[in-house]
$ cat start34.csv   # CSV, C-alpha atoms
chain,number,residue,atom,x,y,z
A,119,MET,CA,-162.1,-17.4,-123.2
A,120,SER,CA,-160.9,-13.9,-123.9
A,121,GLU,CA,-163.8,-12.5,-121.9
A,122,THR,CA,-162.3,-10.1,-119.4
A,123,ILE,CA,-162.6,-11.1,-115.8
A,124,THR,CA,-163.1,-8.3,-113.3
A,125,GLY,CA,-163.5,-8.2,-109.6
A,126,PRO,CA,-161.3,-9.0,-106.7
A,127,LEU,CA,-159.6,-12.0,-108.2
A,128,GLN,CA,-158.5,-10.2,-111.4
A,129,LYS,CA,-157.1,-7.6,-109.1
A,130,PHE,CA,-155.4,-10.4,-107.1
A,131,VAL,CA,-153.3,-11.4,-110.2
A,132,SER,CA,-152.7,-7.8,-111.5
A,133,ALA,CA,-151.8,-6.6,-107.9
A,134,LEU,CA,-148.8,-8.9,-107.9
A,135,PRO,CA,-146.0,-6.8,-109.4
A,136,HIS,CA,-144.0,-9.9,-110.6
A,137,ALA,CA,-147.1,-11.3,-112.3
A,138,ARG,CA,-147.7,-8.0,-114.0
A,139,ALA,CA,-144.1,-7.7,-115.1
A,140,LEU,CA,-144.6,-11.1,-116.9
A,141,GLY,CA,-147.9,-10.0,-118.5
A,142,MET,CA,-150.0,-12.6,-116.7
A,143,ARG,CA,-153.8,-12.6,-117.1
A,144,LEU,CA,-156.5,-14.4,-115.2
A,145,GLU,CA,-158.5,-16.3,-117.8
A,146,ALA,CA,-161.1,-18.1,-115.7
A,147,VAL,CA,-161.7,-18.9,-112.1
A,148,ARG,CA,-164.2,-20.8,-109.9
A,149,GLU,CA,-164.1,-22.3,-106.4
A,150,GLY,CA,-160.7,-23.8,-105.9
A,151,TRP,CA,-159.8,-23.6,-109.6
A,152,ALA,CA,-158.0,-21.0,-111.7
A,153,GLU,CA,-156.6,-20.5,-115.2
A,154,VAL,CA,-153.9,-17.9,-115.8
A,155,SER,CA,-152.0,-17.2,-119.0
A,156,MET,CA,-148.7,-15.5,-119.9
A,157,PRO,CA,-147.7,-14.1,-123.3
A,158,TYR,CA,-144.6,-15.2,-125.2
A,159,ASP,CA,-141.9,-12.5,-124.9
A,160,GLU,CA,-138.3,-12.4,-125.9
A,161,LYS,CA,-137.3,-11.2,-122.5
A,162,ILE,CA,-138.3,-14.4,-120.8
A,163,VAL,CA,-136.3,-16.7,-123.2
A,164,GLY,CA,-134.0,-19.2,-121.5
A,165,ASP,CA,-132.4,-20.7,-124.5
A,166,PRO,CA,-131.3,-18.0,-127.0
A,167,GLU,CA,-130.6,-20.6,-129.7
A,168,THR,CA,-134.1,-22.0,-129.9
A,169,GLY,CA,-136.1,-19.1,-128.4
A,170,VAL,CA,-137.7,-21.4,-125.8
A,171,VAL,CA,-139.0,-19.7,-122.6
A,172,HIS,CA,-137.0,-20.2,-119.4
A,173,GLY,CA,-138.4,-22.8,-117.0
A,174,GLY,CA,-138.3,-20.2,-114.3
A,175,ALA,CA,-140.9,-18.1,-116.1
A,176,VAL,CA,-143.1,-21.2,-116.4
A,177,SER,CA,-142.7,-21.8,-112.7
A,178,ALA,CA,-143.7,-18.2,-111.9
A,179,LEU,CA,-146.9,-18.8,-113.9
A,180,MET,CA,-147.7,-22.1,-112.2
A,181,ASP,CA,-147.0,-20.6,-108.8
A,182,THR,CA,-149.3,-17.6,-109.5
A,183,CYS,CA,-152.0,-19.8,-110.9
A,184,ALA,CA,-151.8,-22.3,-108.0
A,185,GLY,CA,-151.9,-19.4,-105.5
A,186,THR,CA,-155.0,-18.0,-107.2
A,187,ALA,CA,-156.7,-21.5,-107.0
A,188,VAL,CA,-156.0,-21.5,-103.3
A,189,VAL,CA,-157.5,-18.0,-102.6
A,190,SER,CA,-160.5,-18.9,-104.7
A,191,HIS,CA,-161.2,-21.9,-102.5
A,192,PRO,CA,-164.0,-21.1,-100.0
A,193,LYS,CA,-162.1,-22.7,-97.1
A,194,ALA,CA,-158.7,-21.1,-97.8
A,195,GLY,CA,-158.9,-17.4,-96.9
A,196,VAL,CA,-157.8,-14.3,-98.7
A,197,SER,CA,-154.1,-14.6,-98.9
A,198,THR,CA,-151.6,-17.5,-99.2
A,199,ALA,CA,-147.9,-18.3,-99.5
A,200,THR,CA,-146.2,-21.2,-101.2
A,201,LEU,CA,-144.7,-23.8,-98.8
A,202,ASP,CA,-143.3,-26.0,-101.5
A,203,LEU,CA,-143.7,-26.5,-105.2
A,204,ARG,CA,-142.4,-29.3,-107.4
A,205,ILE,CA,-142.4,-28.8,-111.2
A,206,ASP,CA,-141.8,-31.4,-113.8
A,207,TYR,CA,-140.8,-30.1,-117.2
A,208,MET,CA,-142.2,-32.4,-119.9
A,209,ARG,CA,-141.2,-30.6,-123.1
A,210,PRO,CA,-140.1,-27.1,-124.2
A,211,ALA,CA,-142.9,-24.7,-124.8
A,212,THR,CA,-143.2,-23.8,-128.5
A,213,PRO,CA,-141.6,-20.4,-129.1
A,214,GLY,CA,-144.1,-17.6,-129.9
A,215,GLU,CA,-147.1,-19.3,-128.2
A,216,ARG,CA,-148.9,-18.1,-125.1
A,217,ILE,CA,-148.5,-20.4,-122.1
A,218,THR,CA,-151.6,-21.2,-120.1
A,219,ALA,CA,-151.7,-22.8,-116.6
A,220,VAL,CA,-154.7,-24.4,-114.9
A,221,ALA,CA,-154.6,-25.2,-111.2
A,222,GLU,CA,-156.9,-27.1,-108.9
A,223,CYS,CA,-156.8,-26.7,-105.1
A,224,TYR,CA,-158.0,-30.3,-104.4
A,225,HIS,CA,-157.7,-30.4,-100.6
A,226,VAL,CA,-157.7,-27.8,-97.8
A,227,THR,CA,-157.1,-28.4,-94.1
A,228,ARG,CA,-157.2,-25.8,-91.4
A,229,THR,CA,-153.6,-25.0,-92.1
A,230,VAL,CA,-152.5,-26.3,-95.6
A,231,ALA,CA,-153.9,-26.2,-99.1
A,232,PHE,CA,-152.8,-28.8,-101.6
A,233,VAL,CA,-152.7,-27.9,-105.3
A,234,ARG,CA,-151.9,-29.5,-108.6
A,235,ALA,CA,-151.3,-27.5,-111.8
A,236,THR,CA,-150.6,-28.1,-115.5
A,237,ALA,CA,-149.1,-25.7,-118.1
A,238,MET,CA,-149.8,-25.9,-121.8
A,239,ASP,CA,-149.1,-24.0,-125.0
A,240,ALA,CA,-151.4,-24.0,-128.0
A,241,ASP,CA,-151.2,-27.8,-128.1
A,242,ARG,CA,-153.4,-28.5,-125.1
A,243,ASP,CA,-153.1,-32.2,-125.3
A,244,ARG,CA,-149.4,-32.3,-124.6
A,245,PRO,CA,-148.6,-30.5,-121.3
A,246,VAL,CA,-145.4,-28.4,-121.1
A,247,ALA,CA,-145.1,-28.9,-117.4
A,248,THR,CA,-147.0,-30.1,-114.3
A,249,ALA,CA,-146.7,-29.1,-110.7
A,250,THR,CA,-147.8,-30.1,-107.3
A,251,GLY,CA,-147.5,-27.9,-104.2
A,252,ALA,CA,-148.6,-27.0,-100.7
A,253,PHE,CA,-149.7,-23.5,-99.7
A,254,THR,CA,-150.4,-21.8,-96.4
A,255,VAL,CA,-154.0,-21.2,-95.3
A,256,ALA,CA,-154.6,-17.7,-93.9
A,257,LYS,CA,-156.4,-17.7,-90.5
B,245,MET,CA,-87.5,-26.3,-117.7
B,246,LYS,CA,-91.2,-26.1,-117.0
B,247,ALA,CA,-93.1,-23.2,-118.7
B,248,ARG,CA,-93.9,-20.3,-116.4
B,249,PRO,CA,-97.5,-20.1,-115.4
B,250,GLU,CA,-99.6,-17.5,-117.2
B,251,PRO,CA,-99.9,-14.1,-115.4
B,252,VAL,CA,-102.8,-14.1,-112.9
B,253,GLN,CA,-104.6,-11.2,-114.7
B,254,VAL,CA,-104.6,-13.2,-118.0
B,255,VAL,CA,-106.2,-16.2,-116.3
B,256,LYS,CA,-108.7,-14.1,-114.4
B,257,GLN,CA,-109.6,-12.1,-117.4
B,258,ARG,CA,-110.3,-15.2,-119.4
B,259,ARG,CA,-112.4,-16.8,-116.7
B,260,ASP,CA,-114.4,-13.7,-116.0
B,261,ALA,CA,-115.0,-13.0,-119.7
B,262,ALA,CA,-116.3,-16.5,-120.2
B,263,LEU,CA,-118.7,-16.3,-117.2
B,264,ARG,CA,-119.9,-12.9,-118.3
B,265,ALA,CA,-120.7,-14.1,-121.8
B,266,LEU,CA,-122.4,-17.3,-120.5
B,267,VAL,CA,-124.7,-15.2,-118.2
B,268,ALA,CA,-125.3,-12.5,-120.8
B,269,SER,CA,-126.5,-15.0,-123.4
B,270,VAL,CA,-129.8,-15.7,-121.5
B,271,PRO,CA,-132.5,-13.0,-121.9
B,272,TYR,CA,-134.4,-14.2,-118.8
B,273,ILE,CA,-131.3,-13.8,-116.6
B,274,ARG,CA,-131.0,-10.2,-117.8
B,275,PHE,CA,-134.8,-9.6,-117.2
B,276,LEU,CA,-134.5,-10.6,-113.6
B,277,GLY,CA,-131.2,-8.6,-113.2
B,278,ILE,CA,-129.3,-11.6,-111.9
B,279,GLY,CA,-125.5,-11.5,-111.8
B,280,PHE,CA,-122.8,-13.9,-110.7
B,281,GLU,CA,-119.7,-13.4,-108.5
B,282,ARG,CA,-116.8,-15.8,-108.9
B,283,ARG,CA,-114.2,-16.9,-106.3
B,284,GLY,CA,-112.0,-19.5,-108.2
B,285,ASP,CA,-114.6,-22.0,-109.5
B,286,GLU,CA,-117.2,-21.1,-106.9
B,287,LEU,CA,-120.1,-19.0,-108.0
B,288,THR,CA,-122.6,-16.9,-106.1
B,289,GLY,CA,-125.8,-15.7,-107.8
B,290,ILE,CA,-127.1,-12.3,-106.9
B,291,MET,CA,-130.6,-11.1,-107.5
B,292,PRO,CA,-130.7,-7.3,-106.7
B,293,PHE,CA,-134.1,-6.3,-105.3
B,294,SER,CA,-136.6,-4.7,-107.7
B,295,GLU,CA,-140.3,-3.8,-107.3
B,296,ASP,CA,-141.0,-6.1,-110.2
B,297,LEU,CA,-140.0,-9.2,-108.1
B,298,ILE,CA,-142.7,-8.6,-105.5
B,299,GLY,CA,-145.4,-11.2,-105.2
B,300,ASN,CA,-147.2,-10.0,-102.1
B,301,PRO,CA,-147.4,-6.2,-102.1
B,302,ILE,CA,-148.9,-6.0,-98.6
B,303,LEU,CA,-146.1,-7.7,-96.6
B,304,PRO,CA,-144.2,-7.0,-99.0
B,305,ALA,CA,-142.5,-10.3,-100.0
B,306,LEU,CA,-140.7,-11.6,-103.1
B,307,HIS,CA,-142.9,-13.6,-105.6
B,308,GLY,CA,-142.3,-17.4,-105.1
B,309,GLY,CA,-141.9,-17.6,-108.9
B,310,ALA,CA,-139.0,-15.0,-108.8
B,311,THR,CA,-137.3,-16.9,-106.0
B,312,SER,CA,-137.8,-20.2,-107.9
B,313,ALA,CA,-136.4,-18.8,-111.1
B,314,PHE,CA,-133.4,-17.4,-109.2
B,315,LEU,CA,-132.7,-20.8,-107.7
B,316,GLU,CA,-133.1,-22.5,-111.1
B,317,ILE,CA,-130.9,-20.0,-112.9
B,318,THR,CA,-128.2,-20.4,-110.2
B,319,SER,CA,-128.4,-24.2,-110.6
B,320,ILE,CA,-128.1,-24.1,-114.4
B,321,ILE,CA,-125.2,-21.6,-114.5
B,322,THR,CA,-123.3,-23.4,-111.8
B,323,LEU,CA,-123.7,-26.7,-113.7
B,324,SER,CA,-122.8,-25.2,-117.0
B,325,TRP,CA,-119.9,-23.3,-115.5
B,326,ALA,CA,-118.4,-26.5,-114.1
B,327,THR,CA,-118.2,-28.0,-117.6
B,328,LEU,CA,-117.1,-24.8,-119.2
B,329,TRP,CA,-114.4,-24.3,-116.5
B,330,ALA,CA,-112.9,-27.7,-117.3
B,331,ASP,CA,-113.1,-27.0,-121.1
B,332,LEU,CA,-111.4,-23.6,-120.7
B,333,GLU,CA,-108.6,-25.1,-118.6
B,334,SER,CA,-108.0,-27.9,-121.1
B,335,GLY,CA,-108.2,-25.5,-124.0
B,336,ALA,CA,-111.2,-27.5,-125.5
B,337,TRP,CA,-113.1,-24.2,-125.5
B,338,ASP,CA,-111.8,-20.6,-125.7
B,339,VAL,CA,-113.1,-17.2,-124.9
B,340,ALA,CA,-112.8,-15.9,-128.5
B,341,ARG,CA,-115.3,-18.6,-129.5
B,342,ILE,CA,-117.7,-17.7,-126.6
B,343,GLU,CA,-117.4,-14.0,-127.3
B,344,ALA,CA,-118.2,-14.7,-131.0
B,345,GLY,CA,-121.5,-16.1,-129.7
B,346,ASP,CA,-120.7,-19.8,-129.9
B,347,MET,CA,-122.0,-20.8,-126.5
B,348,PRO,CA,-122.0,-24.2,-124.9
B,349,ARG,CA,-125.5,-25.7,-124.8
B,350,LEU,CA,-127.2,-25.2,-121.4
B,351,PRO,CA,-128.5,-28.1,-119.2
B,352,LYS,CA,-132.3,-28.6,-119.4
B,353,THR,CA,-134.4,-28.8,-116.2
B,354,ILE,CA,-136.2,-32.2,-115.8
B,355,ASP,CA,-137.7,-31.4,-112.4
B,356,PHE,CA,-137.3,-28.7,-109.7
B,357,THR,CA,-138.6,-28.8,-106.1
B,358,VAL,CA,-138.5,-25.6,-104.1
B,359,ASP,CA,-138.9,-25.3,-100.3
B,360,TYR,CA,-140.0,-21.9,-99.2
B,361,LEU,CA,-138.5,-21.6,-95.7
B,362,ARG,CA,-139.5,-18.0,-94.9
B,363,SER,CA,-140.8,-15.1,-96.9
B,364,GLY,CA,-138.4,-13.3,-99.2
B,365,LEU,CA,-137.7,-9.8,-98.0
B,366,PRO,CA,-137.6,-6.7,-100.3
B,367,ARG,CA,-133.8,-6.9,-100.4
B,368,ASP,CA,-131.0,-8.4,-102.5
B,369,ALA,CA,-130.9,-12.2,-102.5
B,370,TYR,CA,-127.9,-14.5,-102.9
B,371,ALA,CA,-127.7,-18.2,-104.0
B,372,ARG,CA,-125.2,-20.9,-104.2
B,373,ALA,CA,-125.7,-24.3,-105.9
B,374,PHE,CA,-123.9,-27.6,-105.1
B,375,VAL,CA,-123.7,-30.3,-107.7
B,376,ASN,CA,-124.6,-33.5,-106.1
B,377,ARG,CA,-123.8,-35.5,-109.2
B,378,SER,CA,-123.1,-34.6,-112.7
B,379,GLY,CA,-123.0,-37.5,-115.1
B,380,ARG,CA,-122.8,-37.8,-118.9
B,381,ARG,CA,-126.6,-37.4,-119.3
B,382,TYR,CA,-128.1,-36.5,-115.9
B,383,ALA,CA,-127.2,-34.1,-113.1
B,384,SER,CA,-128.6,-33.6,-109.6
B,385,VAL,CA,-128.2,-30.1,-108.0
B,386,ARG,CA,-129.0,-28.7,-104.6
B,387,VAL,CA,-129.3,-24.9,-104.3
B,388,GLU,CA,-129.8,-22.5,-101.4
B,389,ALA,CA,-130.8,-18.8,-101.3
B,390,TRP,CA,-130.4,-16.3,-98.4
B,391,GLN,CA,-130.6,-12.6,-97.9
B,392,ASP,CA,-129.2,-10.7,-94.9
B,393,ASN,CA,-128.1,-13.8,-93.0
B,394,ARG,CA,-126.2,-16.7,-94.6
B,395,ALA,CA,-127.2,-19.1,-91.8
B,396,ARG,CA,-130.9,-18.4,-92.4
B,397,PRO,CA,-131.8,-19.4,-96.0
B,398,PHE,CA,-135.2,-18.2,-97.2
B,399,ALA,CA,-135.5,-20.9,-99.9
B,400,GLN,CA,-133.8,-24.1,-101.0
B,401,ALA,CA,-134.3,-26.4,-103.9
B,402,ASN,CA,-133.3,-29.7,-105.5
B,403,GLY,CA,-133.4,-30.3,-109.2
B,404,HIS,CA,-132.5,-32.8,-111.9
B,405,PHE,CA,-131.1,-31.7,-115.2
B,406,LEU,CA,-130.5,-33.2,-118.6
B,407,MET,CA,-126.9,-32.5,-119.6
B,408,PRO,CA,-126.2,-31.2,-123.2
B,409,ALA,CA,-124.7,-33.8,-125.5
B,410,ARG,CA,-121.0,-33.4,-125.7
B,411,ASP,CA,-119.3,-33.2,-129.1
B,412,ALA,CA,-117.5,-36.5,-129.7
$ encode --input "start34.csv" --output "structure tokens"
Amino acid sequence: MSETITGPLQKFVSALPHARALGMRLEAVREGWAEVSMPYDEKIVGDPETGVVHGGAVSALMDTCAGTAVVSHPKAGVSTATLDLRIDYMRPATPGERITAVAECYHVTRTVAFVRATAMDADRDRPVATATGAFTVAK
Amino acid sequence: MKARPEPVQVVKQRRDAALRALVASVPYIRFLGIGFERRGDELTGIMPFSEDLIGNPILPALHGGATSAFLEITSIITLSWATLWADLESGAWDVARIEAGDMPRLPKTIDFTVDYLRSGLPRDAYARAFVNRSGRRYASVRVEAWQDNRARPFAQANGHFLMPARDA
């Protein structure tokens, strides 16, 4: 899993300044599917008392991962923008652990790509958050 | 005879110090460079533009995640501020306690739905949140963000929050 991914899609994630600022890394990708992770860092803490990461950072990770799943879909084109994204926060991510998101672009029309995503920490059986969204399809 | 009201500077100083301390306590708010302006109890979130907020370097446009975080932070601070404001006014909480690091617990996000209305420009962004309902356990918030033109929001969101337990 720590095998480095090179090529246009790794560049896609590292070319996004905000994704780079949060230390995001593309872990795996195939057609319409992507896995992106983000390291724990004190600067993204939302609750200073517990050290739990802010929901906003988790949502940035899910958005990046979902967008990567869209551009990796053969029918969706090379660039995309989020139309809407709904995130459900199931539980706080364990402080100190890397957060990993997986996203699946499960349907693409001529104009819209539909995506669902899940974020996990080291305990992969209990998701931290899930998301569903609609993204634009580049012509 | 009724006691004279406190001098306006004293009241303002207390409210601004409480707001500053509330915002400064969250590392992720500092990381994004977000600040808040206050008019009475009304808050406006401000996210100054920075290259680190860019999601699409070709356009360029703000990252959807940065926009979403800005909206969520504005919602949480606005919700928390409403409670803190009431507690400051009643004397249930005081600034000395806040400045000593004894912060009220923040609401936790249950779900958050963002509508991206147009792409975020490489400029400062502003946001204001409206509390639809704030109960003992749950709250519902609507929030809107704009840039150059207040009448043309570039993103809006609706969220539900779990309110912190209040000391009995």
$ closest_atom_pairs --input "start34.csv" --of "chain B" --to "chain A" --cutoff "8 Å" --atoms "only C-alpha atoms" --output "tab-separated table"
residue	atom	partner	partner_atom	distance
B:Ser269	CA	A:Pro166	CA	6.7
B:Val270	CA	A:Gly164	CA	5.5
B:Pro271	CA	A:Lys161	CA	5.2
B:Tyr272	CA	A:Ile162	CA	4.4
B:Ile273	CA	A:Gly164	CA	7.8
B:Arg274	CA	A:Lys161	CA	7.9
B:Phe275	CA	A:Lys161	CA	6.1
B:Glu295	CA	A:Pro135	CA	6.8
B:Asp296	CA	A:His136	CA	4.9
B:Leu297	CA	A:His136	CA	4.8
B:Ile298	CA	A:Pro135	CA	5.4
B:Gly299	CA	A:Leu134	CA	4.9
B:Asn300	CA	A:Leu134	CA	6.1
B:Pro301	CA	A:Leu134	CA	6.5
B:His307	CA	A:His136	CA	6.3
B:Gly308	CA	A:Thr200	CA	6.7
B:Gly309	CA	A:Ala178	CA	3.5
B:Ala310	CA	A:Ala178	CA	6.5
B:Ser312	CA	A:Gly174	CA	6.4
B:Ala313	CA	A:Gly174	CA	4.0
B:Phe314	CA	A:Gly174	CA	7.6
B:Glu316	CA	A:Gly174	CA	6.5
B:Ile317	CA	A:Gly174	CA	7.5
B:Leu350	CA	A:Asp165	CA	7.5
B:Thr353	CA	A:Tyr207	CA	6.6
B:Ile354	CA	A:Tyr207	CA	5.2
B:Asp355	CA	A:Asp206	CA	4.3
B:Phe356	CA	A:Ile205	CA	5.3
B:Thr357	CA	A:Arg204	CA	4.0
B:Val358	CA	A:Leu203	CA	5.4
B:Asp359	CA	A:Asp202	CA	4.6
B:Tyr360	CA	A:Leu201	CA	5.1
B:Leu361	CA	A:Leu201	CA	7.3
$ closest_residue --input "start34.csv" --among "B:Asn393, B:Ser319, B:Ser334, B:Ser324" --to "Phe374 (chain B)" --atoms "only C-alpha atoms"
B:Ser319
$ residues_around --input "start34.csv" --residues "Gly150 (chain A)" --least-positions-apart "5" --cutoff "8 Å" --atoms "all atoms listed in the file" --output "list in words"
Ala187, Val188, Val189, Ser190, His191, Pro192, Glu222, Cys223 and Tyr224 of chain A
$ atom_distance --input "start34.csv" --atom1 "CA of Asp338 (chain B)" --atom2 "CA of Asp260 (chain B)"
12.2 Å
$ atom_distance --input "start34.csv" --atom1 "CA of Leu144 (chain A)" --atom2 "CA of Cys183 (chain A)"
8.2 Å
$ residues_around --input "start34.csv" --residues "region 215-217 of chain A" --least-positions-apart "4" --cutoff "8 Å" --atoms "only C-alpha atoms" --output "short mmCIF file (atom, residue, chain, number, x, y, z; two decimals) with C-alpha atoms, in the coordinates of the input"
data_model
loop_
_atom_site.label_atom_id
_atom_site.label_comp_id
_atom_site.auth_asym_id
_atom_site.auth_seq_id
_atom_site.Cartn_x
_atom_site.Cartn_y
_atom_site.Cartn_z
CA SER A 155 -152.00 -17.20 -119.00
CA MET A 156 -148.70 -15.50 -119.90
CA PRO A 157 -147.70 -14.10 -123.30
CA TYR A 158 -144.60 -15.20 -125.20
CA VAL A 176 -143.10 -21.20 -116.40
CA ALA A 211 -142.90 -24.70 -124.80
CA ALA A 237 -149.10 -25.70 -118.10
CA MET A 238 -149.80 -25.90 -121.80
CA ASP A 239 -149.10 -24.00 -125.00
CA ALA A 240 -151.40 -24.00 -128.00
#
$ atom_distance --input "start34.csv" --atom1 "CA of Pro245 (chain A)" --atom2 "CA of Val170 (chain A)"
14.9 Å
$ residues_near_point --input "start34.csv" --point "(-132.9, -16.7, -100.2)" --cutoff "8 Å" --atoms "only C-alpha atoms" --output "PyMOL selection string"
chain B and resi 311+364+369-371+388-391+397-400
$ write_last_selection --input "start34.csv" --atoms "C-alpha atoms" --output "mmCIF file, in the coordinates of the input"
data_model
loop_
_atom_site.group_PDB
_atom_site.id
_atom_site.type_symbol
_atom_site.label_atom_id
_atom_site.label_comp_id
_atom_site.auth_asym_id
_atom_site.auth_seq_id
_atom_site.Cartn_x
_atom_site.Cartn_y
_atom_site.Cartn_z
ATOM 1 C CA THR B 311 -137.300 -16.900 -106.000
ATOM 2 C CA GLY B 364 -138.400 -13.300 -99.200
ATOM 3 C CA ALA B 369 -130.900 -12.200 -102.500
ATOM 4 C CA TYR B 370 -127.900 -14.500 -102.900
ATOM 5 C CA ALA B 371 -127.700 -18.200 -104.000
ATOM 6 C CA GLU B 388 -129.800 -22.500 -101.400
ATOM 7 C CA ALA B 389 -130.800 -18.800 -101.300
ATOM 8 C CA TRP B 390 -130.400 -16.300 -98.400
ATOM 9 C CA GLN B 391 -130.600 -12.600 -97.900
ATOM 10 C CA PRO B 397 -131.800 -19.400 -96.000
ATOM 11 C CA PHE B 398 -135.200 -18.200 -97.200
ATOM 12 C CA ALA B 399 -135.500 -20.900 -99.900
ATOM 13 C CA GLN B 400 -133.800 -24.100 -101.000
#
